[in-house]
Amino acid sequence: MSLRKRLYDILDPGHHEGFLSRAANWLIYSLIFLNVVAIVVESLPAVAAQCSTIFWRFEALTVAVFSLEYVLRLWTCVESPRFASPVRGRLKYALSPLAVVDLLAILPFYVPYVSADMLFLRAVRFFRLFRVVKLGRYSAALRLVGQVVYAKRAELLTAVFVLLMLTVLSAIAMYYVEKDAQPQVFSDIPSSMFWAVATLTNVGHADPVTPLGKCLASVIFILGLGMFALPTGILGSGFVEEFQSRQRPSLRCPHCGREIRFNPNGTAQEERGT
């Protein structure tokens, strides 16, 4: 077995369950967790002032590990049939969502050395949070959530569209009902949209004072329950379908070797790459 193939087996979670693969995964887990802790603690001015050197050294160590991981993944990705081409395969891998997340996780460390725009640098530091997103590569549970969301993307987009329309219509209706009674709260439709969002999410904002406004708000309160019930039902059915699909015996296409997935009724749904 070549060195590149060996490294590919170690870095690809779930592809190879050896000791080195598990150790590498737990190392990344630990670094991501410690990065989250560092981001939180570093926001305290007193701690940041006293431990700035420690934070910088830990940042450098973390970025060194993540940079090495990114380079090794870019080098070994050609071992996968999806990225077999030495040039196009690596370019395709570099543009994949997980590879972009890996790059954004280390980018803020290098940007200060190529730019002097401090406002831009402060904004780029936000991308340090992508180190948390890297957990999706190593966590089977997070990958399951991602698969369910992707499978139900059409239904979720429809639900989001309905909820946006509900928010806009609620804001317009409340604006015309309450603008004379509470001009300071419902001064315009954008301000009313903030009220609609706060009400639909059950956060609460200003209470209507007119009888018609109270009736309308009562209806909006009830509709607000659907903001949680509708996506929850969609994702719940998606998890049920995913679990039922995983309980079926694994079948692979004899031509391309990809795994064939099934709907709960037993019909073929799609093929998933290995």
# chains A, B, ... in the order shown; residues from 1 in each chain; ligands from 1
>>> residues_around(residues="region 153-157 of chain A", least_positions_apart="4", cutoff="9 Å", atoms="only C-alpha atoms", output="list of chain:residue names")
A:Val148, A:Val149, A:Phe161, A:Val162, A:Leu230, A:Pro231, A:Ile234, A:Leu235
>>> residues_around(residues="Ala94 (chain A)", least_positions_apart="2", cutoff="12 Å", atoms="only C-alpha atoms", output="VMD selection string")
chain A and resid 70 to 78 83 87 to 92 96 to 104
>>> write_last_selection(atoms="N, CA and C atoms", output="short mmCIF file (atom, residue, chain, number, x, y, z; two decimals), in the first residue's frame")
data_model
loop_
_atom_site.label_atom_id
_atom_site.label_comp_id
_atom_site.auth_asym_id
_atom_site.auth_seq_id
_atom_site.Cartn_x
_atom_site.Cartn_y
_atom_site.Cartn_z
N TYR A 70 -5.29 20.00 5.61
CA TYR A 70 -5.84 20.46 4.32
C TYR A 70 -4.94 20.06 3.16
N VAL A 71 -3.63 20.26 3.33
CA VAL A 71 -2.68 19.92 2.26
C VAL A 71 -2.69 18.41 2.00
N LEU A 72 -2.70 17.61 3.08
CA LEU A 72 -2.71 16.16 2.92
C LEU A 72 -4.00 15.69 2.25
N ARG A 73 -5.12 16.29 2.60
CA ARG A 73 -6.38 15.92 1.96
C ARG A 73 -6.35 16.27 0.48
N LEU A 74 -5.79 17.42 0.16
CA LEU A 74 -5.70 17.83 -1.24
C LEU A 74 -4.78 16.90 -2.02
N TRP A 75 -3.76 16.38 -1.35
CA TRP A 75 -2.83 15.46 -2.02
C TRP A 75 -3.42 14.07 -2.16
N THR A 76 -4.13 13.59 -1.16
CA THR A 76 -4.62 12.21 -1.17
C THR A 76 -6.02 12.05 -1.76
N CYS A 77 -6.70 13.13 -2.10
CA CYS A 77 -8.09 13.02 -2.56
C CYS A 77 -8.20 12.23 -3.86
N VAL A 78 -7.11 12.13 -4.64
CA VAL A 78 -7.16 11.40 -5.91
C VAL A 78 -7.33 9.91 -5.70
N PHE A 83 -12.48 11.85 -7.37
CA PHE A 83 -11.44 12.85 -7.64
C PHE A 83 -10.20 12.19 -8.22
N VAL A 87 -5.33 16.67 -11.69
CA VAL A 87 -5.53 18.12 -11.70
C VAL A 87 -7.00 18.46 -11.49
N ARG A 88 -7.85 17.98 -12.37
CA ARG A 88 -9.27 18.29 -12.25
C ARG A 88 -9.87 17.72 -10.98
N GLY A 89 -9.41 16.54 -10.59
CA GLY A 89 -9.92 15.93 -9.36
C GLY A 89 -9.60 16.78 -8.14
N ARG A 90 -8.36 17.26 -8.05
CA ARG A 90 -7.98 18.09 -6.91
C ARG A 90 -8.70 19.43 -6.94
N LEU A 91 -8.89 19.99 -8.14
CA LEU A 91 -9.64 21.24 -8.24
C LEU A 91 -11.09 21.04 -7.83
N LYS A 92 -11.68 19.92 -8.25
CA LYS A 92 -13.05 19.61 -7.86
C LYS A 92 -13.16 19.42 -6.35
N SER A 96 -15.24 21.66 -3.24
CA SER A 96 -16.32 20.97 -2.54
C SER A 96 -16.61 21.69 -1.23
N PRO A 97 -17.84 21.58 -0.70
CA PRO A 97 -18.20 22.32 0.52
C PRO A 97 -17.28 22.05 1.70
N LEU A 98 -16.94 20.77 1.94
CA LEU A 98 -16.10 20.46 3.10
C LEU A 98 -14.70 21.03 2.94
N ALA A 99 -14.16 21.01 1.73
CA ALA A 99 -12.84 21.57 1.50
C ALA A 99 -12.85 23.09 1.67
N VAL A 100 -13.92 23.73 1.24
CA VAL A 100 -14.05 25.18 1.43
C VAL A 100 -14.11 25.51 2.92
N VAL A 101 -14.83 24.70 3.68
CA VAL A 101 -14.88 24.91 5.13
C VAL A 101 -13.49 24.76 5.74
N ASP A 102 -12.75 23.74 5.30
CA ASP A 102 -11.38 23.55 5.81
C ASP A 102 -10.51 24.76 5.51
N LEU A 103 -10.66 25.33 4.31
CA LEU A 103 -9.86 26.49 3.94
C LEU A 103 -10.26 27.72 4.74
N LEU A 104 -11.55 27.93 4.92
CA LEU A 104 -12.02 29.08 5.69
C LEU A 104 -11.63 28.97 7.16
#
>>> residues_around(residues="Ile106 (chain A)", least_positions_apart="6", cutoff="7 Å", atoms="only C-alpha atoms", output="PyMOL selection string")
chain A and resi 63+66-67
>>> write_last_selection(atoms="N, CA and C atoms", output="short mmCIF file (atom, residue, chain, number, x, y, z; two decimals), in the first residue's frame")
data_model
loop_
_atom_site.label_atom_id
_atom_site.label_comp_id
_atom_site.auth_asym_id
_atom_site.auth_seq_id
_atom_site.Cartn_x
_atom_site.Cartn_y
_atom_site.Cartn_z
N VAL A 63 -3.65 26.18 13.65
CA VAL A 63 -3.62 26.44 12.21
C VAL A 63 -2.59 25.56 11.52
N PHE A 66 -4.33 22.17 11.15
CA PHE A 66 -5.39 22.23 10.16
C PHE A 66 -4.83 22.46 8.75
N SER A 67 -3.76 23.24 8.65
CA SER A 67 -3.14 23.47 7.33
C SER A 67 -2.53 22.19 6.80
#
>>> residues_around(residues="Ser170 (chain A)", least_positions_apart="3", cutoff="9 Å", atoms="only C-alpha atoms", output="compact mmCIF listing (two decimals) with N, CA and C atoms, in the first residue's frame")
# COMPACT_ATOMS: atom_id res chain seq x y z
N MET A 165 -43.77 34.43 3.53
CA MET A 165 -45.00 35.06 3.08
C MET A 165 -45.92 35.36 4.25
N LEU A 166 -45.98 34.43 5.21
CA LEU A 166 -46.81 34.64 6.40
C LEU A 166 -46.30 35.84 7.19
N THR A 167 -44.98 35.98 7.30
CA THR A 167 -44.41 37.10 8.03
C THR A 167 -44.74 38.42 7.36
N ALA A 173 -50.73 43.53 7.43
CA ALA A 173 -52.05 43.61 8.07
C ALA A 173 -51.98 44.36 9.39
N MET A 174 -50.99 44.07 10.23
CA MET A 174 -50.88 44.74 11.52
C MET A 174 -50.53 46.21 11.36
N TYR A 175 -49.77 46.54 10.34
CA TYR A 175 -49.43 47.94 10.11
C TYR A 175 -50.67 48.78 9.85
N SER A 192 -43.08 46.90 11.31
CA SER A 192 -44.10 45.90 11.58
C SER A 192 -43.60 44.50 11.29
N MET A 193 -42.68 44.36 10.33
CA MET A 193 -42.12 43.05 10.04
C MET A 193 -41.30 42.55 11.22
N ALA A 196 -43.74 41.20 13.53
CA ALA A 196 -44.28 39.92 13.04
C ALA A 196 -43.31 38.78 13.32
N LEU A 216 -56.34 40.04 15.36
CA LEU A 216 -55.35 39.67 14.36
C LEU A 216 -54.11 39.07 15.01
N ALA A 217 -53.68 39.65 16.13
CA ALA A 217 -52.50 39.13 16.83
C ALA A 217 -52.76 37.73 17.36
N ILE A 220 -52.22 35.41 14.58
CA ILE A 220 -50.79 35.32 14.27
C ILE A 220 -50.07 34.47 15.32
>>> atom_distance(atom1="CA of Leu225 (chain A)", atom2="CA of Trp195 (chain A)")
15.7 Å
>>> residues_around(residues="Pro211 (chain A)", least_positions_apart="3", cutoff="12 Å", atoms="only C-alpha atoms", output="NGL selection string")
:A and (174 or 177-178 or 181 or 207-208 or 214-218)
>>> write_last_selection(atoms="C-alpha atoms", output="compact mmCIF listing (two decimals), in the first residue's frame")
# COMPACT_ATOMS: atom_id res chain seq x y z
CA MET A 174 -50.88 44.74 11.52
CA VAL A 177 -54.65 48.01 11.77
CA GLU A 178 -52.37 49.56 14.42
CA ALA A 181 -53.16 53.66 17.58
CA ASP A 207 -49.06 44.27 22.29
CA PRO A 208 -51.83 45.56 20.01
CA LYS A 214 -55.83 41.97 19.24
CA CYS A 215 -57.92 39.55 17.13
CA LEU A 216 -55.35 39.67 14.36
CA ALA A 217 -52.50 39.13 16.83
CA SER A 218 -54.32 36.11 18.29
>>> closest_residue(among="A:Ala159, A:Ala64, A:Arg82, A:Ile39", to="Gly226 (chain A)", atoms="only C-alpha atoms")
A:Ala159
>>> residues_around(residues="region 40-43 of chain A", least_positions_apart="6", cutoff="9 Å", atoms="only C-alpha atoms", output="MDAnalysis selection string")
chainID A and resid 49 51:52 55
>>> write_last_selection(atoms="N, CA and C atoms", output="PDB file, in the first residue's frame")
ATOM      1  N   ALA A  49      -6.104  40.264  27.521  1.00  0.00           N
ATOM      2  CA  ALA A  49      -4.927  41.106  27.753  1.00  0.00           C
ATOM      3  C   ALA A  49      -3.812  40.342  28.459  1.00  0.00           C
ATOM      4  N   CYS A  51      -3.430  36.923  28.584  1.00  0.00           N
ATOM      5  CA  CYS A  51      -3.044  35.652  27.957  1.00  0.00           C
ATOM      6  C   CYS A  51      -2.942  35.764  26.443  1.00  0.00           C
ATOM      7  N   SER A  52      -2.648  36.942  25.935  1.00  0.00           N
ATOM      8  CA  SER A  52      -2.606  37.133  24.485  1.00  0.00           C
ATOM      9  C   SER A  52      -1.551  36.240  23.831  1.00  0.00           C
ATOM     10  N   PHE A  55      -2.831  32.642  23.695  1.00  0.00           N
ATOM     11  CA  PHE A  55      -3.843  32.492  22.651  1.00  0.00           C
ATOM     12  C   PHE A  55      -3.195  32.457  21.267  1.00  0.00           C
TER      13      PHE A  55
END
